[in-house]
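**Q** The structure file input_22.txt (compact mmCIF, C-alpha atoms) is provided below.
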```
# COMPACT_ATOMS: atom_id res chain seq x y z
CA MET A 1 60.76 141.54 152.96
CA ALA A 2 57.67 141.54 150.71
CA LYS A 3 55.76 144.54 149.39
CA ALA A 4 52.04 145.22 149.74
CA ASN A 5 49.84 145.11 146.60
CA ASP A 6 49.02 148.52 145.13
CA LEU A 7 45.44 148.67 143.75
CA THR A 8 45.86 152.27 142.53
CA GLN A 9 48.04 151.31 139.53
CA GLY A 10 47.34 149.02 136.58
CA ARG A 11 44.35 147.65 134.67
CA VAL A 12 41.27 147.75 136.89
CA THR A 13 39.57 144.54 135.75
CA GLY A 14 42.73 142.48 136.03
CA LEU A 15 43.58 143.84 139.48
CA ILE A 16 40.09 143.23 140.81
CA LEU A 17 39.85 139.68 139.47
CA LYS A 18 43.32 138.85 140.79
CA PHE A 19 42.27 140.15 144.21
CA TYR A 20 38.72 138.74 144.07
CA PHE A 21 39.20 135.05 143.33
CA PRO A 22 41.57 134.13 146.18
CA MET A 23 39.26 135.96 148.58
CA LEU A 24 36.20 134.27 147.08
CA LEU A 25 37.77 130.87 147.63
CA THR A 26 38.66 131.96 151.17
CA ASN A 27 35.09 132.99 151.99
CA MET A 28 33.59 129.93 150.28
CA LEU A 29 35.89 127.63 152.22
CA GLN A 30 34.89 129.36 155.45
CA GLN A 31 31.23 128.80 154.66
CA LEU A 32 31.83 125.25 153.45
CA TYR A 33 33.55 124.23 156.64
CA THR A 34 30.75 125.95 158.56
CA ILE A 35 28.30 123.82 156.59
CA ALA A 36 30.51 120.79 157.20
CA ASP A 37 30.39 121.62 160.93
CA THR A 38 26.61 121.77 160.76
CA ALA A 39 26.29 118.60 158.70
CA ILE A 40 28.61 116.68 161.03
CA VAL A 41 26.65 117.90 164.05
CA GLY A 42 23.31 117.11 162.39
CA LYS A 43 24.29 113.68 161.12
CA GLY A 44 26.43 112.74 164.12
CA LEU A 45 24.40 114.16 167.00
CA GLY A 46 20.89 114.54 165.56
CA ASP A 47 18.49 117.34 164.61
CA ASN A 48 18.19 118.68 168.18
CA ALA A 49 21.94 119.27 168.36
CA LEU A 50 21.77 120.90 164.94
CA ALA A 51 18.96 123.15 166.18
CA ALA A 52 20.99 124.07 169.28
CA VAL A 53 24.02 125.10 167.22
CA GLY A 54 21.86 126.86 164.63
CA ASN A 55 19.94 128.69 167.33
CA MET A 56 23.25 130.33 168.32
CA SER A 57 23.85 131.78 164.86
CA SER A 58 22.06 135.10 165.39
CA LEU A 59 23.74 135.59 168.77
CA THR A 60 27.20 134.76 167.41
CA PHE A 61 26.51 137.16 164.54
CA LEU A 62 25.74 139.85 167.12
CA ILE A 63 29.08 139.40 168.90
CA PHE A 64 31.32 138.33 166.02
CA GLY A 65 29.69 140.86 163.71
CA PHE A 66 30.53 143.68 166.10
CA SER A 67 34.20 142.69 166.20
CA MET A 68 34.30 142.12 162.44
CA GLY A 69 32.77 145.54 161.83
CA LEU A 70 35.47 147.13 163.96
CA ALA A 71 38.21 145.34 162.04
CA ASN A 72 36.69 146.29 158.69
CA GLY A 73 36.35 149.90 159.78
CA PHE A 74 39.92 150.05 161.01
CA SER A 75 41.12 148.52 157.72
CA VAL A 76 39.59 151.40 155.74
CA ILE A 77 41.99 153.82 157.45
CA ILE A 78 44.84 151.38 156.82
CA ALA A 79 43.98 151.09 153.11
CA GLN A 80 43.53 154.84 152.66
CA SER A 81 46.91 155.46 154.34
CA PHE A 82 48.55 152.97 152.01
CA GLY A 83 46.85 154.49 148.95
CA ALA A 84 48.11 157.94 150.01
CA LYS A 85 51.60 156.43 150.56
CA ASP A 86 51.59 157.70 154.16
CA TYR A 87 53.54 154.77 155.58
CA SER A 88 54.06 156.34 159.00
CA LYS A 89 50.30 156.59 159.53
CA LEU A 90 49.91 153.12 158.03
CA ARG A 91 52.16 151.57 160.69
CA ARG A 92 50.57 153.52 163.52
CA SER A 93 47.10 152.55 162.30
CA VAL A 94 47.96 148.86 162.28
CA ALA A 95 49.53 149.01 165.75
CA SER A 96 46.62 150.99 167.21
CA SER A 97 44.07 148.67 165.60
CA ALA A 98 45.75 145.66 167.22
CA MET A 99 45.68 147.23 170.67
CA LEU A 100 42.06 148.37 170.40
CA CYS A 101 40.83 145.01 169.07
CA PHE A 102 42.56 143.14 171.89
CA MET A 103 40.98 145.30 174.60
CA ILE A 104 37.54 145.15 173.01
CA GLY A 105 37.91 141.39 172.56
CA ILE A 106 38.45 140.91 176.29
CA ALA A 107 35.35 142.99 177.05
CA LEU A 108 33.18 141.13 174.51
CA THR A 109 34.29 137.76 175.89
CA ALA A 110 33.27 138.75 179.41
CA VAL A 111 29.89 140.15 178.32
CA SER A 112 28.92 137.31 175.98
CA THR A 113 29.73 134.51 178.43
CA SER A 114 28.05 136.32 181.35
CA PHE A 115 24.74 136.95 179.58
CA LEU A 116 24.50 133.81 177.43
CA ARG A 117 21.84 131.99 179.46
CA PRO A 118 19.41 134.93 179.85
CA ILE A 119 19.70 135.79 176.16
CA LEU A 120 18.90 132.21 175.13
CA HIS A 121 15.84 132.34 177.40
CA LEU A 122 14.90 135.67 175.86
CA LEU A 123 15.01 134.03 172.42
CA ARG A 124 12.47 131.42 173.63
CA THR A 125 15.00 128.62 173.18
CA ASP A 126 13.33 125.24 173.63
CA GLU A 127 14.44 123.35 176.76
CA ALA A 128 15.22 120.34 174.54
CA ILE A 129 18.14 122.25 173.00
CA MET A 130 19.03 124.65 175.85
CA HIS A 131 21.87 122.57 177.36
CA ASP A 132 23.65 122.02 174.04
CA GLY A 133 23.20 125.68 173.17
CA LEU A 134 24.85 126.79 176.42
CA VAL A 135 27.75 124.37 176.08
CA TYR A 136 28.42 125.40 172.49
CA GLY A 137 28.09 129.09 173.32
CA TYR A 138 30.46 129.07 176.29
CA PHE A 139 33.17 127.41 174.22
CA ILE A 140 32.70 129.62 171.15
CA PHE A 141 32.62 132.89 173.08
CA GLY A 142 35.44 131.74 175.31
CA GLY A 143 37.63 131.61 172.20
CA LEU A 144 36.50 134.98 170.88
CA ILE A 145 40.01 136.49 170.97
CA ALA A 146 41.16 133.95 168.36
CA THR A 147 38.32 134.95 166.02
CA ILE A 148 38.98 138.68 166.48
CA THR A 149 42.70 138.20 165.85
CA TYR A 150 42.06 136.37 162.60
CA ASN A 151 39.49 138.95 161.46
CA LEU A 152 41.89 141.83 162.10
CA CYS A 153 44.86 140.12 160.44
CA SER A 154 42.86 139.19 157.35
CA CYS A 155 41.39 142.71 157.13
CA ILE A 156 44.88 144.26 157.33
CA LEU A 157 46.09 142.00 154.53
CA ARG A 158 43.05 142.79 152.34
CA ALA A 159 43.56 146.51 152.95
CA LEU A 160 47.08 146.09 151.57
CA GLY A 161 45.86 144.19 148.53
CA ASP A 162 46.75 140.69 149.73
CA SER A 163 43.90 138.20 149.36
CA LYS A 164 46.11 135.13 148.83
CA THR A 165 47.46 134.71 152.36
CA PRO A 166 44.00 134.47 154.00
CA PHE A 167 43.13 131.91 151.31
CA ILE A 168 46.14 129.76 152.21
CA ALA A 169 45.28 130.12 155.90
CA ILE A 170 41.70 129.00 155.35
CA ILE A 171 42.70 126.00 153.23
CA ILE A 172 44.88 124.69 156.03
CA SER A 173 42.51 125.56 158.86
CA SER A 174 39.46 124.14 157.01
CA ILE A 175 41.11 120.75 156.59
CA VAL A 176 42.12 120.74 160.25
CA ASN A 177 38.66 121.91 161.35
CA ILE A 178 36.76 119.20 159.48
CA PHE A 179 39.17 116.51 160.66
CA LEU A 180 38.87 117.64 164.31
CA ASP A 181 35.08 117.92 164.00
CA SER A 182 34.80 114.34 162.82
CA PHE A 183 37.34 113.09 165.36
CA PHE A 184 35.70 114.80 168.36
CA ILE A 185 32.11 113.92 167.45
CA PHE A 186 32.38 110.47 165.84
CA VAL A 187 35.42 109.06 167.68
CA LEU A 188 35.59 110.80 171.07
CA LYS A 189 31.78 111.30 171.26
CA THR A 190 32.26 114.78 172.78
CA GLY A 191 28.99 116.37 171.67
CA VAL A 192 28.58 119.95 170.43
CA GLU A 193 31.59 121.17 172.40
CA GLY A 194 33.77 119.19 169.98
CA ALA A 195 32.55 121.31 167.06
CA ALA A 196 33.24 124.48 169.05
CA ILE A 197 36.78 123.42 170.01
CA ALA A 198 37.56 122.50 166.40
CA THR A 199 36.37 125.91 165.22
CA ILE A 200 38.45 127.78 167.81
CA PHE A 201 41.59 125.81 167.00
CA SER A 202 41.17 126.47 163.28
CA GLN A 203 40.77 130.21 163.95
CA ILE A 204 44.01 130.24 165.96
CA MET A 205 45.81 128.53 163.08
CA SER A 206 44.38 130.99 160.51
CA ALA A 207 45.37 134.00 162.63
CA PHE A 208 48.92 132.69 163.06
CA ILE A 209 49.44 132.18 159.32
CA CYS A 210 48.16 135.69 158.52
CA TRP A 211 50.30 137.21 161.28
CA LEU A 212 53.42 135.58 159.83
CA ARG A 213 52.68 137.24 156.49
CA ILE A 214 52.08 140.65 158.07
CA ARG A 215 55.47 140.50 159.75
CA LYS A 216 57.14 140.18 156.33
CA ILE A 217 55.48 143.19 154.65
CA GLU A 218 58.06 145.89 154.02
CA GLU A 219 55.69 148.81 154.64
CA LEU A 220 54.73 147.33 158.02
CA ASN A 221 58.09 147.41 159.75
CA ILE A 222 56.36 148.34 163.01
CA SER A 223 58.39 149.58 165.99
CA LYS A 224 57.55 150.23 169.64
CA GLU A 225 57.08 153.89 168.76
CA ASP A 226 54.09 152.98 166.59
CA PHE A 227 52.25 151.56 169.60
CA ARG A 228 52.29 154.86 171.48
CA GLY A 229 48.81 156.13 172.25
CA ASN A 230 47.47 158.69 169.80
CA ARG A 231 44.05 160.12 170.66
CA LYS A 232 43.54 161.65 167.25
CA LEU A 233 44.26 158.35 165.50
CA TYR A 234 42.13 156.41 167.98
CA GLY A 235 39.30 158.81 167.24
CA GLU A 236 39.72 158.34 163.49
CA LEU A 237 39.75 154.56 163.83
CA PHE A 238 36.69 154.51 166.07
CA LYS A 239 34.91 156.97 163.76
CA ASN A 240 35.12 154.35 161.03
CA GLY A 241 35.04 151.19 163.12
CA LEU A 242 32.21 151.78 165.57
CA PRO A 243 29.48 152.64 163.03
CA MET A 244 30.35 149.51 161.05
CA ALA A 245 30.42 147.44 164.24
CA PHE A 246 27.05 148.82 165.31
CA MET A 247 25.67 148.22 161.81
CA ASN A 248 26.48 144.50 162.10
CA SER A 249 25.10 144.30 165.63
CA ILE A 250 21.92 146.16 164.75
CA THR A 251 21.40 143.83 161.81
CA ALA A 252 22.02 140.89 164.13
CA ILE A 253 19.33 142.13 166.52
CA GLY A 254 16.85 142.01 163.65
CA CYS A 255 17.96 138.44 162.94
CA MET A 256 17.56 137.57 166.64
CA VAL A 257 13.96 138.81 166.52
CA ILE A 258 13.32 136.52 163.57
CA GLN A 259 14.96 133.69 165.54
CA TYR A 260 12.59 134.50 168.41
CA PHE A 261 9.53 134.04 166.18
CA VAL A 262 10.97 130.92 164.52
CA ASN A 263 11.71 129.29 167.89
CA GLY A 264 8.11 129.93 168.88
CA LEU A 265 6.99 127.69 166.01
CA GLY A 266 8.85 124.62 167.34
CA VAL A 267 12.15 122.75 167.12
CA ALA A 268 11.49 121.50 163.56
CA TYR A 269 11.29 125.12 162.38
CA THR A 270 14.46 126.03 164.27
CA THR A 271 16.24 123.13 162.56
CA ALA A 272 14.96 124.14 159.10
CA TYR A 273 15.89 127.79 159.66
CA SER A 274 19.39 126.79 160.74
CA ALA A 275 19.94 124.75 157.58
CA CYS A 276 18.49 127.47 155.33
CA SER A 277 20.65 130.13 156.94
CA LYS A 278 23.80 128.11 156.28
CA PHE A 279 22.97 127.78 152.57
CA LEU A 280 21.94 131.41 152.30
CA ASN A 281 25.24 132.53 153.82
CA LEU A 282 27.11 130.26 151.41
CA PHE A 283 25.29 131.55 148.33
CA MET A 284 25.88 135.16 149.40
CA GLN A 285 29.64 134.70 149.39
CA PRO A 286 30.45 135.59 145.75
CA ALA A 287 28.64 138.92 146.11
CA CYS A 288 29.92 139.43 149.66
CA THR A 289 33.44 138.94 148.33
CA ALA A 290 32.77 141.46 145.56
CA GLY A 291 31.77 143.84 148.36
CA PHE A 292 35.01 143.29 150.28
CA THR A 293 36.91 143.77 147.03
CA MET A 294 35.03 147.02 146.45
CA SER A 295 35.94 148.22 149.93
CA SER A 296 39.68 147.62 149.53
CA PHE A 297 39.74 148.96 145.97
CA THR A 298 37.73 152.06 146.88
CA SER A 299 39.75 152.76 150.02
CA GLN A 300 43.13 152.67 148.30
CA ASN A 301 41.96 154.72 145.31
CA TYR A 302 40.16 157.19 147.53
CA GLY A 303 43.42 157.71 149.41
CA ALA A 304 45.16 158.24 146.04
CA ARG A 305 42.28 160.53 144.85
CA LYS A 306 41.67 158.36 141.76
CA PHE A 307 37.88 158.50 141.54
CA ASP A 308 37.60 157.43 137.88
CA ARG A 309 39.11 154.09 138.88
CA ILE A 310 36.49 153.69 141.59
CA ARG A 311 33.74 153.96 138.95
CA GLU A 312 35.49 151.32 136.83
CA GLY A 313 35.85 149.09 139.88
CA LEU A 314 32.14 149.43 140.62
CA HIS A 315 31.20 148.18 137.15
CA VAL A 316 33.44 145.13 137.48
CA CYS A 317 32.11 144.24 140.94
CA LEU A 318 28.47 144.66 139.84
CA THR A 319 29.08 142.37 136.86
CA ILE A 320 30.48 139.68 139.16
CA THR A 321 27.50 140.11 141.46
CA THR A 322 24.94 139.82 138.66
CA ILE A 323 26.45 136.56 137.40
CA SER A 324 26.43 135.22 140.97
CA TYR A 325 22.75 136.07 141.41
CA VAL A 326 21.63 134.41 138.19
CA VAL A 327 23.46 131.15 138.97
CA LEU A 328 22.99 130.76 142.74
CA GLY A 329 19.54 132.34 142.94
CA SER A 330 18.37 129.78 140.40
CA VAL A 331 19.72 126.91 142.50
CA MET A 332 17.76 128.14 145.53
CA VAL A 333 14.57 128.55 143.49
CA PHE A 334 14.65 125.24 141.61
CA PHE A 335 16.42 122.84 144.01
CA PRO A 336 15.34 123.72 147.58
CA GLU A 337 14.53 120.15 148.62
CA ALA A 338 17.88 118.79 147.42
CA LEU A 339 19.68 121.50 149.38
CA ALA A 340 17.72 120.85 152.58
CA ARG A 341 18.32 117.09 152.45
CA LEU A 342 22.07 117.67 152.45
CA MET A 343 21.89 118.87 156.03
CA VAL A 344 18.77 117.66 157.87
CA ASN A 345 17.29 114.22 158.49
CA GLY A 346 13.60 114.70 159.24
CA THR A 347 10.92 115.11 156.55
CA GLU A 348 9.23 118.00 158.38
CA PRO A 349 12.31 120.31 158.42
CA VAL A 350 12.85 119.57 154.72
CA ALA A 351 9.26 120.53 153.91
CA ILE A 352 9.62 123.73 155.95
CA ALA A 353 12.89 124.68 154.21
CA LYS A 354 11.17 124.34 150.81
CA THR A 355 8.93 127.30 151.69
CA TYR A 356 11.90 129.55 152.55
CA LEU A 357 14.71 128.97 150.05
CA PRO A 358 12.86 129.82 146.78
CA VAL A 359 11.66 133.19 148.10
CA CYS A 360 15.17 134.15 149.20
CA GLY A 361 16.53 132.93 145.87
CA ILE A 362 14.26 135.30 143.95
CA PHE A 363 15.27 138.33 146.02
CA LEU A 364 18.94 137.40 146.37
CA PHE A 365 19.89 140.17 143.90
CA ALA A 366 19.03 142.82 146.52
CA VAL A 367 21.47 141.61 149.17
CA ASP A 368 24.09 140.91 146.48
CA TYR A 369 24.02 144.52 145.23
CA LEU A 370 23.78 145.74 148.81
CA PHE A 371 27.18 144.20 149.57
CA VAL A 372 28.86 146.14 146.75
CA PHE A 373 27.33 149.55 147.45
CA ARG A 374 27.59 149.29 151.23
CA ASN A 375 31.25 148.36 151.14
CA GLY A 376 31.84 151.11 148.60
CA CYS A 377 30.39 153.64 151.06
CA GLN A 378 32.66 152.24 153.77
CA GLY A 379 35.65 152.54 151.45
CA PHE A 380 34.89 156.25 151.03
CA GLY A 381 35.15 156.60 154.79
CA LYS A 382 31.37 157.10 155.09
CA PRO A 383 30.43 154.51 157.72
CA PHE A 384 27.31 156.23 159.02
CA VAL A 385 25.23 155.46 155.93
CA PRO A 386 25.77 151.70 156.33
CA MET A 387 24.96 152.06 160.03
CA ILE A 388 21.68 153.82 159.23
CA SER A 389 20.95 151.10 156.67
CA GLY A 390 21.52 148.55 159.44
CA ILE A 391 18.83 150.27 161.50
CA LEU A 392 16.53 150.21 158.46
CA GLU A 393 17.20 146.49 157.96
CA MET A 394 16.37 145.78 161.58
CA ALA A 395 13.14 147.80 161.42
CA LEU A 396 11.97 146.13 158.23
CA ARG A 397 12.76 142.63 159.47
CA ILE A 398 10.88 143.18 162.72
CA ALA A 399 7.91 144.88 161.06
CA VAL A 400 7.41 142.23 158.37
CA ILE A 401 7.84 139.22 160.65
CA ALA A 402 5.55 140.69 163.32
CA LEU A 403 2.83 141.61 160.82
CA PHE A 404 2.80 138.48 158.67
CA ILE A 405 3.95 135.55 160.83
CA SER A 406 0.35 134.80 161.80
CA THR A 407 -0.90 134.66 158.19
CA LEU A 408 2.12 133.47 156.21
CA GLY A 409 3.77 131.31 158.88
CA PHE A 410 7.40 130.41 158.36
CA ARG A 411 7.39 131.92 154.85
CA ALA A 412 7.17 135.35 156.53
CA THR A 413 10.80 134.97 157.61
CA ALA A 414 11.88 134.93 153.96
CA TYR A 415 9.84 138.03 153.13
CA ALA A 416 11.30 139.76 156.19
CA GLU A 417 14.81 139.12 154.83
CA ALA A 418 13.88 140.28 151.32
CA SER A 419 12.32 143.54 152.51
CA ALA A 420 15.38 144.32 154.66
CA TRP A 421 17.74 143.69 151.73
CA ILE A 422 15.78 145.88 149.31
CA GLY A 423 15.48 148.82 151.70
CA ALA A 424 19.16 148.78 152.65
CA MET A 425 20.26 148.36 149.03
CA ILE A 426 18.38 151.44 147.87
CA LEU A 427 19.79 153.59 150.69
CA ASN A 428 23.42 152.53 150.17
CA MET A 429 23.21 152.74 146.38
CA THR A 430 21.90 156.31 146.58
CA ALA A 431 24.58 157.37 149.08
CA PHE A 432 27.40 155.76 147.08
CA GLU A 433 26.37 157.42 143.80
CA HIS A 434 26.03 160.81 145.49
CA THR A 435 29.49 160.58 147.09
CA LEU A 436 31.19 159.34 143.92
CA ARG A 437 29.64 162.00 141.68
CA LYS A 438 30.56 164.74 144.15
CA ASN A 439 34.19 163.60 144.18
CA LEU A 440 34.32 163.12 140.40
CA ALA A 441 33.15 166.72 139.96
CA LYS A 442 36.07 168.16 141.96
CA PRO A 443 38.88 167.40 139.48
CA VAL A 444 36.73 168.67 136.59
CA LEU A 445 36.15 171.97 138.38
CA HIS A 446 39.85 172.17 139.17
CA ARG A 447 40.84 171.69 135.53
CA LYS A 448 38.45 174.41 134.37
CA GLU A 449 39.87 176.81 136.90
CA MET A 450 43.40 175.99 135.70
CA LYS A 451 42.43 176.77 132.08
CA THR A 452 40.87 180.08 133.11
CA VAL A 453 44.05 181.09 134.91
CA ALA A 454 46.14 180.13 131.89
```
Can you give me the file's structure in the form of structure tokens?

**A**
Amino acid sequence: MAKANDLTQGRVTGLILKFYFPMLLTNMLQQLYTIADTAIVGKGLGDNALAAVGNMSSLTFLIFGFSMGLANGFSVIIAQSFGAKDYSKLRRSVASSAMLCFMIGIALTAVSTSFLRPILHLLRTDEAIMHDGLVYGYFIFGGLIATITYNLCSCILRALGDSKTPFIAIIISSIVNIFLDSFFIFVLKTGVEGAAIATIFSQIMSAFICWLRIRKIEELNISKEDFRGNRKLYGELFKNGLPMAFMNSITAIGCMVIQYFVNGLGVAYTTAYSACSKFLNLFMQPACTAGFTMSSFTSQNYGARKFDRIREGLHVCLTITTISYVVLGSVMVFFPEALARLMVNGTEPVAIAKTYLPVCGIFLFAVDYLFVFRNGCQGFGKPFVPMISGILEMALRIAVIALFISTLGFRATAYAEASAWIGAMILNMTAFEHTLRKNLAKPVLHRKEMKTVA
């Protein structure tokens, strides 16, 4: 049996970097094989197929983001239980999380497949890409349980300080995914459903590898007793999971509104937006990973009541994020055309992408810092602040795109993103600092009282 990784002991910088880099490679590989999916679809099936798959991104974010938020929220309780060395609660939390995610996954599959067509119509999806969008969507949402299982397993491992196993899982599944993509599309000529099937199969493989690792963790020797229903624990899990799930879904609704306006501009704009979104998601990954690292590190140390270490962890994660912004933001600002040409064929989508990427590159710092502070709030067990920030993001996106689309055109989508990032960053940063300072003050007060008594 193997032991979980304790983030409450040892040198902070070394622990964080050791945890961070395997997870960074994991997230980058996920994004790279997503980009490979998109490139294979675009080059193999044409720009309309690319637009159809890209048009699904905001809707998949709505559904997948909800399930991912649940898993992340549940993992906070798991990490805090481990940090507090309450292994009985740790096992019950993992077992309960698995049951809840399975039931919610069944419900989300039914809802997403039932309402796919009306939602695509609501998004003003062009008839030229409607068929491919439906085919891709039915396959992707039909395999939702595989995605949820992987998300939960990887979140459990991260909560216990293991970022290496998800990395190994993604290496294997990425290779398989790209091979199957190419085989289905270029050899079997399956169309967009081939890309969807390849993605689902790779998720199943990733989930299986992570599950094998979970079975070997000494602290997770789960028995049938741990699966017994516990209303109090269910309530605690949902208290953390649902606000984070709703935060992702609310943010996704704002993205869907932007997709609605983009689709109204024409298929070329939908294609350009799809390509830009893929690169933006890729370039966010170093900071996003720093955020996930902050969540696991904060959760374990909060459970152990080691608040000074949380402050140290914040400084390390912000340093990583700043370096990421300087490097990747510069690439988006100075090389937008080169990036766009990697994914799209037509000259018009490339020209459109050149108006979007530099603006997002300049303001990338806001979403990068947002990841760190928002995940820090979640690690404290304060999920409602991120949820409120999700509402703020949605409101700002909708307001900016609605007010400026007529004057700025497609460029308004970039300013809508930037305004949402800045607003949410300020809110989460303020909440995190307030919570940390309040908790740091408690031990100081306690020590003074002890001296007075002496």

**Q** For Met68 (chain A), which residue out of A:Leu314, A:Ile217, A:Cys155, A:Cys377 is the nearest one, using only C-alpha atoms?

**A** A:Cys155

**Q** Would you compute the distance between CA of Ala338 (chain A) and CA of Gly54 (chain A)? Give it in Å to one decimal.

**A**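 So the two atoms, CA of Ala338 (chain A) and CA of Gly54 (chain A), lie 19.4 Å apart.
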
**Q** So how many Å separate CA of Leu100 (chain A) and CA of Met23 (chain A), to one decimal?

**A** 25.3 Å

**Q** Find the spatial neighbours of region 265-278 of chain A, counting all atoms listed in the file, within a cut-off of 8 Å - ignore same-chain residues fewer than 5 positions away - and output them as a list in words.

**A**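 The filter keeps Gln31, Thr34, Ile35, Thr38, Asp47, Asn48, Leu50, Ala51, Gly54, Asn55, Ser57, Asp126, Gln259, Ala340, Met343, Val344, Glu348, Pro349, Val350, Ile352, Ala353, Tyr356, Leu357 and Phe410 of chain A.
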
**Q** Save out the residues we just selected, C-alpha atoms, as a PDB file, in the coordinates of the input.

**A**
```
ATOM      1  CA  GLN A  31      31.230 128.800 154.660  1.00  0.00           C
ATOM      2  CA  THR A  34      30.750 125.950 158.560  1.00  0.00           C
ATOM      3  CA  ILE A  35      28.300 123.820 156.590  1.00  0.00           C
ATOM      4  CA  THR A  38      26.610 121.770 160.760  1.00  0.00           C
ATOM      5  CA  ASP A  47      18.490 117.340 164.610  1.00  0.00           C
ATOM      6  CA  ASN A  48      18.190 118.680 168.180  1.00  0.00           C
ATOM      7  CA  LEU A  50      21.770 120.900 164.940  1.00  0.00           C
ATOM      8  CA  ALA A  51      18.960 123.150 166.180  1.00  0.00           C
ATOM      9  CA  GLY A  54      21.860 126.860 164.630  1.00  0.00           C
ATOM     10  CA  ASN A  55      19.940 128.690 167.330  1.00  0.00           C
ATOM     11  CA  SER A  57      23.850 131.780 164.860  1.00  0.00           C
ATOM     12  CA  ASP A 126      13.330 125.240 173.630  1.00  0.00           C
ATOM     13  CA  GLN A 259      14.960 133.690 165.540  1.00  0.00           C
ATOM     14  CA  ALA A 340      17.720 120.850 152.580  1.00  0.00           C
ATOM     15  CA  MET A 343      21.890 118.870 156.030  1.00  0.00           C
ATOM     16  CA  VAL A 344      18.770 117.660 157.870  1.00  0.00           C
ATOM     17  CA  GLU A 348       9.230 118.000 158.380  1.00  0.00           C
ATOM     18  CA  PRO A 349      12.310 120.310 158.420  1.00  0.00           C
ATOM     19  CA  VAL A 350      12.850 119.570 154.720  1.00  0.00           C
ATOM     20  CA  ILE A 352       9.620 123.730 155.950  1.00  0.00           C
ATOM     21  CA  ALA A 353      12.890 124.680 154.210  1.00  0.00           C
ATOM     22  CA  TYR A 356      11.900 129.550 152.550  1.00  0.00           C
ATOM     23  CA  LEU A 357      14.710 128.970 150.050  1.00  0.00           C
ATOM     24  CA  PHE A 410       7.400 130.410 158.360  1.00  0.00           C
TER      25      PHE A 410
END
```

**Q** What would the list of residues within 6 Å of (23.2, 139.4, 165.0) (file frame) look like as a PyMOL selection string, if only C-alpha atoms are what count?

**A** chain A and resi 58-59+61-62+249+251-253+255

**Q** So that I can check the surroundings of Ile197 (chain A), please list as a VMD selection string every protein, DNA and RNA residue that reaches within 10 Å of it, counting all atoms listed in the file and ignoring chain neighbours fewer than 6 positions away.

**A** chain A and resid 136 139 to 140 142 to 143 177 180 to 181 184 203

**Q** Looking at all atoms listed in the file, which of A:Ile200, A:Val187, A:Ile40, A:Leu237 is the one that sits closest to Ser97 (chain A)?

**A**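 Closest candidate: A:Leu237.
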
**Q** Given the choices A:Leu427, A:Ala110, A:Ile129, A:Ala416, which gets closest to Asn263 (chain A) if the distance is worked out from all atoms listed in the file?

**A**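 For Asn263 (chain A), the nearest of the candidates is A:Ile129.
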
**Q** Report, in Å with one decimal, the straight-line distance from CA of Ala420 (chain A) to CA of Phe141 (chain A).

**A**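 The value is 27.7 Å.
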
**Q** Skip Leu160 (chain A) itself and residues of its chain fewer than 5 positions away, then list as an mmCIF file with C-alpha atoms, keeping the file's coordinate frame all residues within 10 Å of it, counting all atoms listed in the file.

**A**
```
data_model
loop_
_atom_site.group_PDB
_atom_site.id
_atom_site.type_symbol
_atom_site.label_atom_id
_atom_site.label_comp_id
_atom_site.auth_asym_id
_atom_site.auth_seq_id
_atom_site.Cartn_x
_atom_site.Cartn_y
_atom_site.Cartn_z
ATOM 1 C CA LYS A 3 55.760 144.540 149.390
ATOM 2 C CA ALA A 4 52.040 145.220 149.740
ATOM 3 C CA ASN A 5 49.840 145.110 146.600
ATOM 4 C CA ASP A 6 49.020 148.520 145.130
ATOM 5 C CA LEU A 7 45.440 148.670 143.750
ATOM 6 C CA SER A 75 41.120 148.520 157.720
ATOM 7 C CA ILE A 78 44.840 151.380 156.820
ATOM 8 C CA ALA A 79 43.980 151.090 153.110
ATOM 9 C CA GLN A 80 43.530 154.840 152.660
ATOM 10 C CA SER A 81 46.910 155.460 154.340
ATOM 11 C CA PHE A 82 48.550 152.970 152.010
ATOM 12 C CA GLY A 83 46.850 154.490 148.950
ATOM 13 C CA LEU A 90 49.910 153.120 158.030
ATOM 14 C CA SER A 154 42.860 139.190 157.350
ATOM 15 C CA CYS A 155 41.390 142.710 157.130
ATOM 16 C CA ILE A 214 52.080 140.650 158.070
ATOM 17 C CA ILE A 217 55.480 143.190 154.650
ATOM 18 C CA GLU A 219 55.690 148.810 154.640
ATOM 19 C CA SER A 296 39.680 147.620 149.530
ATOM 20 C CA PHE A 297 39.740 148.960 145.970
ATOM 21 C CA GLN A 300 43.130 152.670 148.300
#
```

**Q** Quick one: of A:Ala424, A:Ala52, A:Gly229, A:Leu116, who's nearest to Met130 (chain A), counting all atoms listed in the file?

**A** A:Ala52

**Q** If you count all atoms listed in the file, which residues fall within 8 Å of Trp211 (chain A), apart from same-chain ones fewer than 4 positions away, as a list of chain:residue names?

**A**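 Surrounding residues, per the criterion: A:Cys153, A:Ala207, A:Arg215.
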
**Q** Determine the nearest neighbour of Gly390 (chain A) from the options A:Ala441, A:Ala418, A:Met244, A:Val262, counting only C-alpha atoms.

**A**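 The shortest atom-to-atom distance to Gly390 (chain A) comes from A:Met244.
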